[in-house]
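Input: a single structure, listed below in structure tokens.
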Amino acid sequence: MTGAPLIEVEDLRIDLDDGERRVAAAEGISFRIDRGETFGLVGESGCGKSITALALIGLLRPPLSIGAGMIRFDGREIQHLSAAAQRDLRGNRIAMIFQEPMTALNPVSPVGRQIAEMFVLHKGNSWREAHQLAVEALASVRVPAPERRVNDYPHQLSGGMRQRVMIAIALACGPDLLIADEPTTALDVTVQAEIIELMRNLCAERGTAILMISHDLGLVANVCRRVAVMYAGRIVEERGSADIFRTPSHPYTQGLVDSLPRLGSRAALGRSRLKEIAGVVPAITNFPDGCRFNPRCAHATDICRSVAPTADLLEAGGLVRCHHHA
Amino acid sequence: MEAVEGRKKVPMLSFLIRRLLQTIPTVLAVVLLVFVLFSVVPGSIVSSMSDDADPQVELRLKKQLGLDDPVHVRFGAYIAKLATGDFGTSFRTREPVTAMLAKRAWPTLQLIFAAMAFSVVLGVPLGFIAALRPGGLVDSAAMIVAVTGLSIAKFWLGLVIMYVFALKLGWLPSFGYGDGGLKYLLLPALTLGVSPMALFARTTRAAVLEIMTADFVRTARSKGMSETRVVKWHVMRNALVIILTTVGLQFGGLMGQAVVVEKLFSWPGIGSLLVDSVLQRDIPAVQGSILVVVLAFLAINLLVDLLYGVIDPRIRYA
């Protein structure tokens with residue numbers, strides 16, 4: 001990791017203000033993504049991965065807000081930028097794809113127009129020029145007959161086609177960072193692979209970094225060079241994606257890796273039950289003291305119940321937050 | 001491109017024809033209902049003329065008007081005439097009902113459209129502004145106005161407006177049609193328009209608030225557009241579908257409410273004709289008035305249905 005990172009997050013805390021009190025929905029979030037790098041953020045629903053992404057793109061809405069910490073994008077702190085300055089970055093240099101391609105597009109606006117908006121907003125094109133650029137953008141995400149499809153409404157397209165449109169929108173202005181929040185969760189498995197492949201190729205061509213968010217460790221490890229695992233609002237482990245499968249260090253990550261079904265495992269290990277992680281994720285308002293994973297952890301000791309572990313550097317590279325890591 | 005246009009037009013036309021055919025049973029049902037109702041209510045045009053009329057005269061009059069025929073015969077005769085576009089002759093004025101209606105249709109249309117214009121122009125933007133800052137000053141004020149507007153009784157509001165603007169301030173004439181000019185129209189239109197205005201403000205606010213939480217609005221924000229643009233490019237058209245529905249339904253409501261307002265302001269429209277005709281059991285005039293109102297209502301609903309397709313591409317006329 002040499003050179004200035006594209007985005008650097010330091011000790012970010014995201015607050016949830018329910019009117020009576022503030023609770024940290026995520027805290028101590030630190031990571032960096034280099035230019036053109038692929039970085040994954042993995043965790044169960046409610047672990048804070050999506051709000052972390054929304055914080056990066058400046059889309060946290062009340063009751064959520066950034067409580068502390070710093071986000072540095074391309075050498076500039078962006079968490080306190082004015083609304084107008086944030087809008088210049090948003091879509092233009094940091095773009096985002098959302099989970100639901102069914103609802104993420106405006107149902108009463110042709111998809112071409114929704115792509116064209118990007119060029120009008122950020123590149124100063126006229127609508128006529130933008131329309132032509134939208135056709136090209138559709139072609140670049142391999143939508144067949146783009147000059148006809150450009151006038152289609154979202155309901156006339158399949159889920160996979162809509163997600164292609166979303167990718168076209170996100171990549172329209174050639175952003176430096178693409179945040180993909182569960183981009184394929186709502187799609188068929190076969191379409192999933194196509195979309196991931198497309199996204200990866202287009203970003204590689206353009207040198208766009210990807211922050212991929214998913215609950216699916218296998219998918220993320222497959223796409224990303226490095227992976228951070230989040231649990232209950234904290235990053236518990238950050239590793240190269242090959243390492244995280246081979247030698248998961250945090251007990252939670254170990255649990256995740258063990259609970260992945262593997263093809264051919266029966267031949268190697270005989271018939272065995274798929275492992276699960278006992279217990280449930282604690283509620284935001286009721287995080288346990290010390291290590292937040294301690295109630296579900298088989299290795300938990302007294303220190304785990306009282307002291308929150310700090311991020312330790314691993315010899316093999318990467319970080320882990322565990323008192324008892326290997 | 002042309003193929004798409006062609007594909008769109010044909011179902012639209014067949015939809016239109018089918019909808020027009022569907023109005024026939026509706027109209028027949030309405031005519032039948034009014035006819036039956038008026039044949040069971042006590043009294044007739046004859047008895048309403050005088051309390052101590054000569055029974056001989058009453059009998060002769062009834063015969064003359066065809067009121068001594070059985071109901072089904074009268075109904076048959078009425079329908080037969082209706083099919084030729086003849087609404088019958090008023091018992092009261094001996095004028096053809098069509099002529100009476102033609103005279104009064106314009107003032108009613110004027111009143112309803114003026115009230116509608118006032119309520120849409122004021123109510124919809126009010127709802128928009130309120131929704132953009134929910135809980136804010138404008139929102140609170142707008143919703144107080146809206147609740148008041150919806151709850152106020154029309155005849156009372158009309159009287160207050162009349163008292164303030166006509167009697168106290170003397171700015172506008174208190175009632176009547178006068179020369180049909182704008183100054184005569186203002187007060188009745190205002191009275192009629194207040195409650196739909198309130199309703200539109202509330203509906204618009206609710207619609208916009210709901211749409212603002214939609215996923216595609218988040219997408220729009222992620223593109224880096226200002227809130228104004230988000231509303232202009234993505235929220236408005238979606239809200240319009242809901243607003244249009246309310247506006248369409250309110251047209252029907254306004255035609256009913258216009259009866260009260262027309263009576264109150266002595267406005268020579270179909271509403272006041274209807275009230276007068278009911279009181280005097282002038283069945284042909286009642287039938288005609290109701291029929292016109294029903295037809296207008298059906299026409300507006302049809303128009304609204306067609307507009308849906310223009311605003312929301314998901315709606316297809318299959």
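Just remember, in the structure tokens the first chain shown is A, the second B, etc., residues are 1-based per chain, and ligands are 1-based in the order shown.
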
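What chain A places within 7 Å of chain B, counting only C-alpha atoms, is Arg87, Asp88, Arg90, Gly91, Ala95, Met96, Thr103, Ala104, Leu105, Asn106, Val108, Met118, Leu121 and His155 of chain A.
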
Keeping only C-alpha atoms, write the selected residues as a short mmCIF file (atom, residue, chain, number, x, y, z; two decimals), in the first residue's frame.
data_model
loop_
_atom_site.label_atom_id
_atom_site.label_comp_id
_atom_site.auth_asym_id
_atom_site.auth_seq_id
_atom_site.Cartn_x
_atom_site.Cartn_y
_atom_site.Cartn_z
CA ARG A 87 -22.96 17.22 -4.08
CA ASP A 88 -20.04 17.86 -6.40
CA ARG A 90 -21.52 12.61 -4.92
CA GLY A 91 -22.28 10.80 -8.13
CA ALA A 95 -21.00 6.79 -6.83
CA MET A 96 -23.26 4.20 -5.31
CA THR A 103 -37.24 0.31 -6.54
CA ALA A 104 -33.99 2.21 -6.91
CA LEU A 105 -35.02 3.62 -10.29
CA ASN A 106 -37.76 6.20 -10.73
CA VAL A 108 -42.13 7.23 -14.17
CA MET A 118 -25.61 12.50 -14.47
CA LEU A 121 -25.59 17.52 -13.36
CA HIS A 155 -40.82 -1.69 -15.38
#

Each residue of stretch 118-173 of chain A with at least one atom at most 9 Å from stretch 197-217 of chain A should appear once, together with its nearest atom pair and the corresponding distance in Å (one decimal); atoms considered: only C-alpha atoms; ordering: chain, then increasing residue number; output as a tab-separated table.
residue	atom	partner	partner_atom	distance
A:Ser140	CA	A:Leu202	CA	8.3
A:Val141	CA	A:Leu198	CA	7.1
A:Arg142	CA	A:Leu198	CA	8.5
A:Arg164	CA	A:Leu198	CA	8.4
A:Ile167	CA	A:Met199	CA	7.2
A:Leu171	CA	A:Cys203	CA	8.2

Only all heavy atoms, please: the residues just picked out, written as a short mmCIF file (atom, residue, chain, number, x, y, z; two decimals), in the first residue's frame.
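The resulting again-v2.cif:
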data_model
loop_
_atom_site.label_atom_id
_atom_site.label_comp_id
_atom_site.auth_asym_id
_atom_site.auth_seq_id
_atom_site.Cartn_x
_atom_site.Cartn_y
_atom_site.Cartn_z
N SER A 140 -22.25 0.42 -22.92
CA SER A 140 -21.07 0.01 -22.16
C SER A 140 -21.41 -1.01 -21.07
O SER A 140 -20.56 -1.79 -20.67
CB SER A 140 -20.37 1.22 -21.54
OG SER A 140 -21.08 1.66 -20.41
N VAL A 141 -22.67 -1.00 -20.58
CA VAL A 141 -23.04 -2.02 -19.60
C VAL A 141 -23.72 -3.20 -20.30
O VAL A 141 -24.41 -3.99 -19.66
CB VAL A 141 -23.94 -1.47 -18.47
CG1 VAL A 141 -23.18 -0.50 -17.60
CG2 VAL A 141 -25.19 -0.80 -19.03
N ARG A 142 -23.52 -3.29 -21.62
CA ARG A 142 -23.98 -4.42 -22.43
C ARG A 142 -25.49 -4.61 -22.40
O ARG A 142 -25.99 -5.73 -22.32
CB ARG A 142 -23.33 -5.73 -21.99
CG ARG A 142 -21.89 -5.62 -21.56
CD ARG A 142 -20.92 -6.25 -22.51
NE ARG A 142 -19.60 -6.39 -21.89
CZ ARG A 142 -18.79 -5.36 -21.61
NH1 ARG A 142 -19.16 -4.10 -21.89
NH2 ARG A 142 -17.61 -5.56 -21.06
N ARG A 164 -28.00 -3.23 -14.42
CA ARG A 164 -27.06 -2.72 -15.41
C ARG A 164 -27.25 -1.21 -15.59
O ARG A 164 -26.29 -0.46 -15.72
CB ARG A 164 -27.26 -3.41 -16.76
CG ARG A 164 -26.64 -4.79 -16.83
CD ARG A 164 -27.09 -5.55 -18.05
NE ARG A 164 -26.85 -6.97 -17.87
CZ ARG A 164 -25.74 -7.59 -18.29
NH1 ARG A 164 -24.83 -6.93 -18.95
NH2 ARG A 164 -25.58 -8.87 -18.05
N ILE A 167 -25.68 0.51 -12.78
CA ILE A 167 -24.22 0.56 -12.95
C ILE A 167 -23.86 1.66 -13.96
O ILE A 167 -22.93 2.44 -13.75
CB ILE A 167 -23.67 -0.81 -13.41
CG1 ILE A 167 -23.88 -1.84 -12.30
CG2 ILE A 167 -22.19 -0.71 -13.78
CD1 ILE A 167 -23.51 -3.26 -12.67
N LEU A 171 -21.46 4.70 -13.00
CA LEU A 171 -20.16 4.88 -13.64
C LEU A 171 -20.17 5.99 -14.70
O LEU A 171 -19.15 6.25 -15.33
CB LEU A 171 -19.70 3.56 -14.27
CG LEU A 171 -19.44 2.41 -13.29
CD1 LEU A 171 -18.97 1.17 -14.02
CD2 LEU A 171 -18.41 2.81 -12.23
#

### Task
Pick out each residue of stretch 180-261 of chain A that DSSP on the backbone tags as helix (DSSP H, G or I); I need them as number ranges by chain.
A: 189-206, 217-223, 241-246, 251-258

#### Entry: Counting only C-alpha atoms, the option among B:Met100, B:Val41, B:Leu109, B:Val208 closest to B:Ile242
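Closest candidate: B:Val208.
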
Give me, as a PDB file with N, CA and C atoms, in the first residue's frame, all polymer residues having an atom no more than 12 Å from stretch 272-281 of chain B, counting only C-alpha atoms and skipping those fewer than 2 positions away in the same chain.
ATOM      1  N   VAL B  34     -83.615   7.530  -9.718  1.00  0.00           N
ATOM      2  CA  VAL B  34     -84.275   8.802  -9.467  1.00  0.00           C
ATOM      3  C   VAL B  34     -85.768   8.681  -9.751  1.00  0.00           C
ATOM      4  N   PHE B  35     -86.080   7.967 -10.814  1.00  0.00           N
ATOM      5  CA  PHE B  35     -87.489   7.809 -11.188  1.00  0.00           C
ATOM      6  C   PHE B  35     -88.268   7.086 -10.099  1.00  0.00           C
ATOM      7  N   LEU B  37     -87.414   6.709  -6.939  1.00  0.00           N
ATOM      8  CA  LEU B  37     -87.449   7.513  -5.717  1.00  0.00           C
ATOM      9  C   LEU B  37     -88.571   8.537  -5.771  1.00  0.00           C
ATOM     10  N   PHE B  38     -88.691   9.200  -6.915  1.00  0.00           N
ATOM     11  CA  PHE B  38     -89.694  10.244  -7.006  1.00  0.00           C
ATOM     12  C   PHE B  38     -91.106   9.709  -7.153  1.00  0.00           C
ATOM     13  N   SER B  39     -91.239   8.429  -7.516  1.00  0.00           N
ATOM     14  CA  SER B  39     -92.591   7.899  -7.581  1.00  0.00           C
ATOM     15  C   SER B  39     -93.034   7.362  -6.223  1.00  0.00           C
ATOM     16  N   VAL B  40     -92.100   7.174  -5.280  1.00  0.00           N
ATOM     17  CA  VAL B  40     -92.520   6.729  -3.952  1.00  0.00           C
ATOM     18  C   VAL B  40     -92.619   7.865  -2.947  1.00  0.00           C
ATOM     19  N   VAL B  41     -91.926   8.977  -3.184  1.00  0.00           N
ATOM     20  CA  VAL B  41     -92.067  10.082  -2.224  1.00  0.00           C
ATOM     21  C   VAL B  41     -93.460  10.672  -2.370  1.00  0.00           C
ATOM     22  N   PRO B  42     -94.028  11.096  -1.217  1.00  0.00           N
ATOM     23  CA  PRO B  42     -95.372  11.656  -1.280  1.00  0.00           C
ATOM     24  C   PRO B  42     -95.368  13.031  -1.969  1.00  0.00           C
ATOM     25  N   GLY B  43     -96.486  13.384  -2.522  1.00  0.00           N
ATOM     26  CA  GLY B  43     -96.635  14.700  -3.131  1.00  0.00           C
ATOM     27  C   GLY B  43     -96.233  14.693  -4.585  1.00  0.00           C
ATOM     28  N   SER B  44     -96.708  15.690  -5.307  1.00  0.00           N
ATOM     29  CA  SER B  44     -96.342  15.845  -6.708  1.00  0.00           C
ATOM     30  C   SER B  44     -96.340  17.325  -7.027  1.00  0.00           C
ATOM     31  N   ILE B  45     -95.981  17.635  -8.248  1.00  0.00           N
ATOM     32  CA  ILE B  45     -95.985  19.042  -8.677  1.00  0.00           C
ATOM     33  C   ILE B  45     -97.354  19.672  -8.427  1.00  0.00           C
ATOM     34  N   VAL B  46     -98.384  18.848  -8.588  1.00  0.00           N
ATOM     35  CA  VAL B  46     -99.743  19.371  -8.455  1.00  0.00           C
ATOM     36  C   VAL B  46    -100.035  19.757  -7.005  1.00  0.00           C
ATOM     37  N   SER B  47     -99.676  18.844  -6.076  1.00  0.00           N
ATOM     38  CA  SER B  47     -99.984  19.134  -4.676  1.00  0.00           C
ATOM     39  C   SER B  47     -99.090  20.226  -4.124  1.00  0.00           C
ATOM     40  N   SER B  48     -97.935  20.436  -4.750  1.00  0.00           N
ATOM     41  CA  SER B  48     -97.041  21.448  -4.211  1.00  0.00           C
ATOM     42  C   SER B  48     -97.442  22.843  -4.661  1.00  0.00           C
ATOM     43  N   MET B  49     -98.381  22.915  -5.592  1.00  0.00           N
ATOM     44  CA  MET B  49     -98.747  24.245  -6.095  1.00  0.00           C
ATOM     45  C   MET B  49     -99.646  24.987  -5.125  1.00  0.00           C
ATOM     46  N   SER B  50    -100.546  24.221  -4.532  1.00  0.00           N
ATOM     47  CA  SER B  50    -101.471  24.899  -3.626  1.00  0.00           C
ATOM     48  C   SER B  50    -102.035  23.886  -2.651  1.00  0.00           C
ATOM     49  N   LEU B  67     -99.169  12.216 -15.118  1.00  0.00           N
ATOM     50  CA  LEU B  67     -98.800  11.693 -13.807  1.00  0.00           C
ATOM     51  C   LEU B  67     -99.723  10.583 -13.326  1.00  0.00           C
ATOM     52  N   SER B  90     -90.321  20.722 -18.561  1.00  0.00           N
ATOM     53  CA  SER B  90     -90.451  21.018 -17.138  1.00  0.00           C
ATOM     54  C   SER B  90     -91.915  21.172 -16.762  1.00  0.00           C
ATOM     55  N   PHE B  91     -92.322  20.571 -15.655  1.00  0.00           N
ATOM     56  CA  PHE B  91     -93.686  20.738 -15.158  1.00  0.00           C
ATOM     57  C   PHE B  91     -93.937  22.173 -14.754  1.00  0.00           C
ATOM     58  N   ARG B  92     -92.887  22.795 -14.260  1.00  0.00           N
ATOM     59  CA  ARG B  92     -93.009  24.091 -13.620  1.00  0.00           C
ATOM     60  C   ARG B  92     -93.069  25.216 -14.645  1.00  0.00           C
ATOM     61  N   THR B  93     -92.109  25.203 -15.554  1.00  0.00           N
ATOM     62  CA  THR B  93     -91.994  26.345 -16.464  1.00  0.00           C
ATOM     63  C   THR B  93     -92.487  26.029 -17.868  1.00  0.00           C
ATOM     64  N   VAL B  97     -86.536  20.797 -20.857  1.00  0.00           N
ATOM     65  CA  VAL B  97     -85.498  20.688 -19.835  1.00  0.00           C
ATOM     66  C   VAL B  97     -84.114  20.940 -20.428  1.00  0.00           C
ATOM     67  N   MET B 100     -83.385  24.507 -20.377  1.00  0.00           N
ATOM     68  CA  MET B 100     -83.098  24.994 -19.022  1.00  0.00           C
ATOM     69  C   MET B 100     -81.676  24.629 -18.612  1.00  0.00           C
ATOM     70  N   LEU B 101     -81.323  23.367 -18.914  1.00  0.00           N
ATOM     71  CA  LEU B 101     -79.996  22.891 -18.521  1.00  0.00           C
ATOM     72  C   LEU B 101     -78.910  23.638 -19.269  1.00  0.00           C
ATOM     73  N   ALA B 102     -79.152  23.862 -20.558  1.00  0.00           N
ATOM     74  CA  ALA B 102     -78.153  24.550 -21.372  1.00  0.00           C
ATOM     75  C   ALA B 102     -77.866  25.934 -20.799  1.00  0.00           C
ATOM     76  N   LYS B 103     -78.946  26.597 -20.343  1.00  0.00           N
ATOM     77  CA  LYS B 103     -78.795  27.932 -19.772  1.00  0.00           C
ATOM     78  C   LYS B 103     -77.962  27.904 -18.495  1.00  0.00           C
ATOM     79  N   ARG B 104     -78.159  26.825 -17.726  1.00  0.00           N
ATOM     80  CA  ARG B 104     -77.545  26.791 -16.404  1.00  0.00           C
ATOM     81  C   ARG B 104     -76.218  26.032 -16.336  1.00  0.00           C
ATOM     82  N   ALA B 105     -75.887  25.340 -17.411  1.00  0.00           N
ATOM     83  CA  ALA B 105     -74.651  24.542 -17.385  1.00  0.00           C
ATOM     84  C   ALA B 105     -73.423  25.446 -17.269  1.00  0.00           C
ATOM     85  N   PRO B 107     -72.930  28.606 -15.988  1.00  0.00           N
ATOM     86  CA  PRO B 107     -72.599  29.127 -14.651  1.00  0.00           C
ATOM     87  C   PRO B 107     -72.043  28.055 -13.706  1.00  0.00           C
ATOM     88  N   THR B 108     -72.609  26.844 -13.768  1.00  0.00           N
ATOM     89  CA  THR B 108     -72.107  25.791 -12.885  1.00  0.00           C
ATOM     90  C   THR B 108     -70.677  25.405 -13.242  1.00  0.00           C
ATOM     91  N   GLY B 176     -75.686  36.544  -6.420  1.00  0.00           N
ATOM     92  CA  GLY B 176     -76.208  36.726  -7.773  1.00  0.00           C
ATOM     93  C   GLY B 176     -75.140  36.496  -8.831  1.00  0.00           C
ATOM     94  N   MET B 255     -69.460  18.930  -7.507  1.00  0.00           N
ATOM     95  CA  MET B 255     -70.761  19.072  -8.158  1.00  0.00           C
ATOM     96  C   MET B 255     -71.878  18.931  -7.138  1.00  0.00           C
ATOM     97  N   GLY B 256     -71.651  18.065  -6.158  1.00  0.00           N
ATOM     98  CA  GLY B 256     -72.629  17.932  -5.082  1.00  0.00           C
ATOM     99  C   GLY B 256     -72.648  19.161  -4.193  1.00  0.00           C
ATOM    100  N   GLN B 257     -71.431  19.606  -3.820  1.00  0.00           N
ATOM    101  CA  GLN B 257     -71.346  20.739  -2.904  1.00  0.00           C
ATOM    102  C   GLN B 257     -71.793  22.030  -3.565  1.00  0.00           C
ATOM    103  N   ALA B 258     -71.682  22.074  -4.894  1.00  0.00           N
ATOM    104  CA  ALA B 258     -72.081  23.287  -5.615  1.00  0.00           C
ATOM    105  C   ALA B 258     -73.553  23.587  -5.384  1.00  0.00           C
ATOM    106  N   VAL B 259     -74.346  22.549  -5.133  1.00  0.00           N
ATOM    107  CA  VAL B 259     -75.773  22.747  -4.882  1.00  0.00           C
ATOM    108  C   VAL B 259     -75.975  23.728  -3.727  1.00  0.00           C
ATOM    109  N   VAL B 260     -75.242  23.485  -2.628  1.00  0.00           N
ATOM    110  CA  VAL B 260     -75.356  24.344  -1.446  1.00  0.00           C
ATOM    111  C   VAL B 260     -74.898  25.761  -1.769  1.00  0.00           C
ATOM    112  N   VAL B 261     -73.715  25.834  -2.408  1.00  0.00           N
ATOM    113  CA  VAL B 261     -73.127  27.142  -2.664  1.00  0.00           C
ATOM    114  C   VAL B 261     -73.977  27.937  -3.661  1.00  0.00           C
ATOM    115  N   GLU B 262     -74.479  27.267  -4.683  1.00  0.00           N
ATOM    116  CA  GLU B 262     -75.317  27.955  -5.671  1.00  0.00           C
ATOM    117  C   GLU B 262     -76.576  28.505  -5.021  1.00  0.00           C
ATOM    118  N   LYS B 263     -77.151  27.711  -4.142  1.00  0.00           N
ATOM    119  CA  LYS B 263     -78.370  28.146  -3.456  1.00  0.00           C
ATOM    120  C   LYS B 263     -78.056  29.362  -2.591  1.00  0.00           C
ATOM    121  N   LEU B 264     -76.928  29.255  -1.856  1.00  0.00           N
ATOM    122  CA  LEU B 264     -76.538  30.305  -0.923  1.00  0.00           C
ATOM    123  C   LEU B 264     -76.285  31.621  -1.641  1.00  0.00           C
ATOM    124  N   PHE B 265     -75.608  31.559  -2.773  1.00  0.00           N
ATOM    125  CA  PHE B 265     -75.235  32.780  -3.485  1.00  0.00           C
ATOM    126  C   PHE B 265     -76.201  33.097  -4.627  1.00  0.00           C
ATOM    127  N   SER B 266     -77.355  32.439  -4.636  1.00  0.00           N
ATOM    128  CA  SER B 266     -78.321  32.607  -5.734  1.00  0.00           C
ATOM    129  C   SER B 266     -77.623  32.518  -7.082  1.00  0.00           C
ATOM    130  N   TRP B 267     -76.816  31.519  -7.231  1.00  0.00           N
ATOM    131  CA  TRP B 267     -76.047  31.330  -8.469  1.00  0.00           C
ATOM    132  C   TRP B 267     -76.909  30.497  -9.415  1.00  0.00           C
ATOM    133  N   PRO B 268     -77.185  30.997 -10.628  1.00  0.00           N
ATOM    134  CA  PRO B 268     -78.168  30.322 -11.482  1.00  0.00           C
ATOM    135  C   PRO B 268     -77.590  29.096 -12.188  1.00  0.00           C
ATOM    136  N   GLY B 269     -77.136  28.137 -11.412  1.00  0.00           N
ATOM    137  CA  GLY B 269     -76.526  26.952 -12.017  1.00  0.00           C
ATOM    138  C   GLY B 269     -77.436  25.751 -11.917  1.00  0.00           C
ATOM    139  N   ILE B 270     -76.881  24.599 -12.260  1.00  0.00           N
ATOM    140  CA  ILE B 270     -77.650  23.370 -12.249  1.00  0.00           C
ATOM    141  C   ILE B 270     -77.995  22.968 -10.817  1.00  0.00           C
ATOM    142  N   ILE B 283     -90.287  16.595 -11.770  1.00  0.00           N
ATOM    143  CA  ILE B 283     -89.480  15.400 -12.044  1.00  0.00           C
ATOM    144  C   ILE B 283     -88.612  15.509 -13.306  1.00  0.00           C
ATOM    145  N   PRO B 284     -89.135  15.966 -14.429  1.00  0.00           N
ATOM    146  CA  PRO B 284     -88.256  16.041 -15.609  1.00  0.00           C
ATOM    147  C   PRO B 284     -87.031  16.911 -15.371  1.00  0.00           C
ATOM    148  N   ALA B 285     -87.200  18.025 -14.673  1.00  0.00           N
ATOM    149  CA  ALA B 285     -86.067  18.912 -14.416  1.00  0.00           C
ATOM    150  C   ALA B 285     -85.083  18.251 -13.466  1.00  0.00           C
ATOM    151  N   VAL B 286     -85.598  17.534 -12.446  1.00  0.00           N
ATOM    152  CA  VAL B 286     -84.720  16.832 -11.507  1.00  0.00           C
ATOM    153  C   VAL B 286     -83.908  15.773 -12.255  1.00  0.00           C
ATOM    154  N   GLN B 287     -84.641  14.988 -13.027  1.00  0.00           N
ATOM    155  CA  GLN B 287     -83.984  13.938 -13.805  1.00  0.00           C
ATOM    156  C   GLN B 287     -82.878  14.520 -14.678  1.00  0.00           C
ATOM    157  N   GLY B 288     -83.221  15.565 -15.373  1.00  0.00           N
ATOM    158  CA  GLY B 288     -82.270  16.183 -16.300  1.00  0.00           C
ATOM    159  C   GLY B 288     -81.046  16.699 -15.567  1.00  0.00           C
ATOM    160  N   SER B 289     -81.283  17.389 -14.443  1.00  0.00           N
ATOM    161  CA  SER B 289     -80.151  17.959 -13.699  1.00  0.00           C
ATOM    162  C   SER B 289     -79.228  16.859 -13.220  1.00  0.00           C
ATOM    163  N   ILE B 290     -79.845  15.820 -12.622  1.00  0.00           N
ATOM    164  CA  ILE B 290     -79.016  14.741 -12.083  1.00  0.00           C
ATOM    165  C   ILE B 290     -78.252  14.045 -13.203  1.00  0.00           C
ATOM    166  N   LEU B 291     -78.955  13.853 -14.305  1.00  0.00           N
ATOM    167  CA  LEU B 291     -78.319  13.185 -15.443  1.00  0.00           C
ATOM    168  C   LEU B 291     -77.096  13.960 -15.932  1.00  0.00           C
ATOM    169  N   VAL B 292     -77.248  15.260 -16.015  1.00  0.00           N
ATOM    170  CA  VAL B 292     -76.128  16.077 -16.480  1.00  0.00           C
ATOM    171  C   VAL B 292     -74.954  15.974 -15.514  1.00  0.00           C
ATOM    172  N   VAL B 293     -75.263  16.025 -14.211  1.00  0.00           N
ATOM    173  CA  VAL B 293     -74.198  15.931 -13.210  1.00  0.00           C
ATOM    174  C   VAL B 293     -73.492  14.580 -13.318  1.00  0.00           C
TER     175      VAL B 293
END

### Query
Using only C-alpha atoms, which residue out of B:Leu187, B:Val138, B:Val73, B:Ile129 lies closest to B:Leu111?
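Among the listed residues, B:Leu187 lies closest to B:Leu111.
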
### Query
stretch 38-227 of chain A: which residues are strand (DSSP E) by DSSP, as a ChimeraX atom specification?
/A:38-42,64-73,76-77,94-97,177-181,209-214,226-227

#### Entry: Within 7 Å of stretch 190-199 of chain B using only C-alpha atoms, minus same-chain residues under 3 positions, as a list in words
Ala115, Met116, Phe118, Ser119, Val120, Leu122, Gly123, Val145, Ala146, Val147, Gly149, Leu150, Lys154, Leu157, Gly158, Leu186, Leu187, Arg202, Thr203, Gln250, Ala258 and Val261 of chain B

### Long-range neighbours of A:Asn151 as a list in words, 9 Å cut-off, only C-alpha atoms, 6 positions minimum in chain
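The residues satisfying every condition are Ser109, Pro110, Val111, Gly112 and Arg113 of chain A.
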
Output N, CA, C and O atoms of each residue in that selection to a file, as a PDB file, in the first residue's frame.
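File again.pdb, as written:
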ATOM      1  N   SER A 109     -39.911   7.632 -15.043  1.00  0.00           N
ATOM      2  CA  SER A 109     -38.937   8.351 -15.847  1.00  0.00           C
ATOM      3  C   SER A 109     -38.179   7.333 -16.704  1.00  0.00           C
ATOM      4  O   SER A 109     -37.778   6.292 -16.205  1.00  0.00           O
ATOM      5  N   PRO A 110     -37.998   7.596 -18.008  1.00  0.00           N
ATOM      6  CA  PRO A 110     -37.280   6.640 -18.856  1.00  0.00           C
ATOM      7  C   PRO A 110     -35.857   6.441 -18.329  1.00  0.00           C
ATOM      8  O   PRO A 110     -35.264   7.382 -17.793  1.00  0.00           O
ATOM      9  N   VAL A 111     -35.328   5.214 -18.474  1.00  0.00           N
ATOM     10  CA  VAL A 111     -34.009   4.949 -17.894  1.00  0.00           C
ATOM     11  C   VAL A 111     -32.939   5.842 -18.517  1.00  0.00           C
ATOM     12  O   VAL A 111     -32.006   6.267 -17.832  1.00  0.00           O
ATOM     13  N   GLY A 112     -33.093   6.139 -19.792  1.00  0.00           N
ATOM     14  CA  GLY A 112     -32.112   6.989 -20.452  1.00  0.00           C
ATOM     15  C   GLY A 112     -32.028   8.357 -19.800  1.00  0.00           C
ATOM     16  O   GLY A 112     -30.942   8.891 -19.567  1.00  0.00           O
ATOM     17  N   ARG A 113     -33.178   8.877 -19.470  1.00  0.00           N
ATOM     18  CA  ARG A 113     -33.220  10.175 -18.814  1.00  0.00           C
ATOM     19  C   ARG A 113     -32.524  10.108 -17.447  1.00  0.00           C
ATOM     20  O   ARG A 113     -31.817  11.025 -17.047  1.00  0.00           O
TER      21      ARG A 113
END

### Task
Determine, counting only C-alpha atoms, which protein, DNA and RNA residues have an atom within 12 Å of an atom of stretch 67-79 of chain A; residues of the same chain fewer than 2 positions away are not included. Present the result as a PyMOL selection string.
chain A and resi 3-17+22-35+52-60+63-65+81-90+93-94+175-177

### Message
Using only C-alpha atoms, which protein or nucleic acid residues come within 7 Å of A:Ala228? Drop anything in the same chain fewer than 6 positions from it, and give the result as an NGL selection string.
### Response
:A and (40-42 or 235 or 237-239)

### Residue with smallest distance to B:Val30 - pool B:Val294, B:Ile315, B:Asp54, B:Thr98, counting only C-alpha atoms
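Nearest candidate to B:Val30 out of B:Val294, B:Ile315, B:Asp54, B:Thr98: B:Val294.
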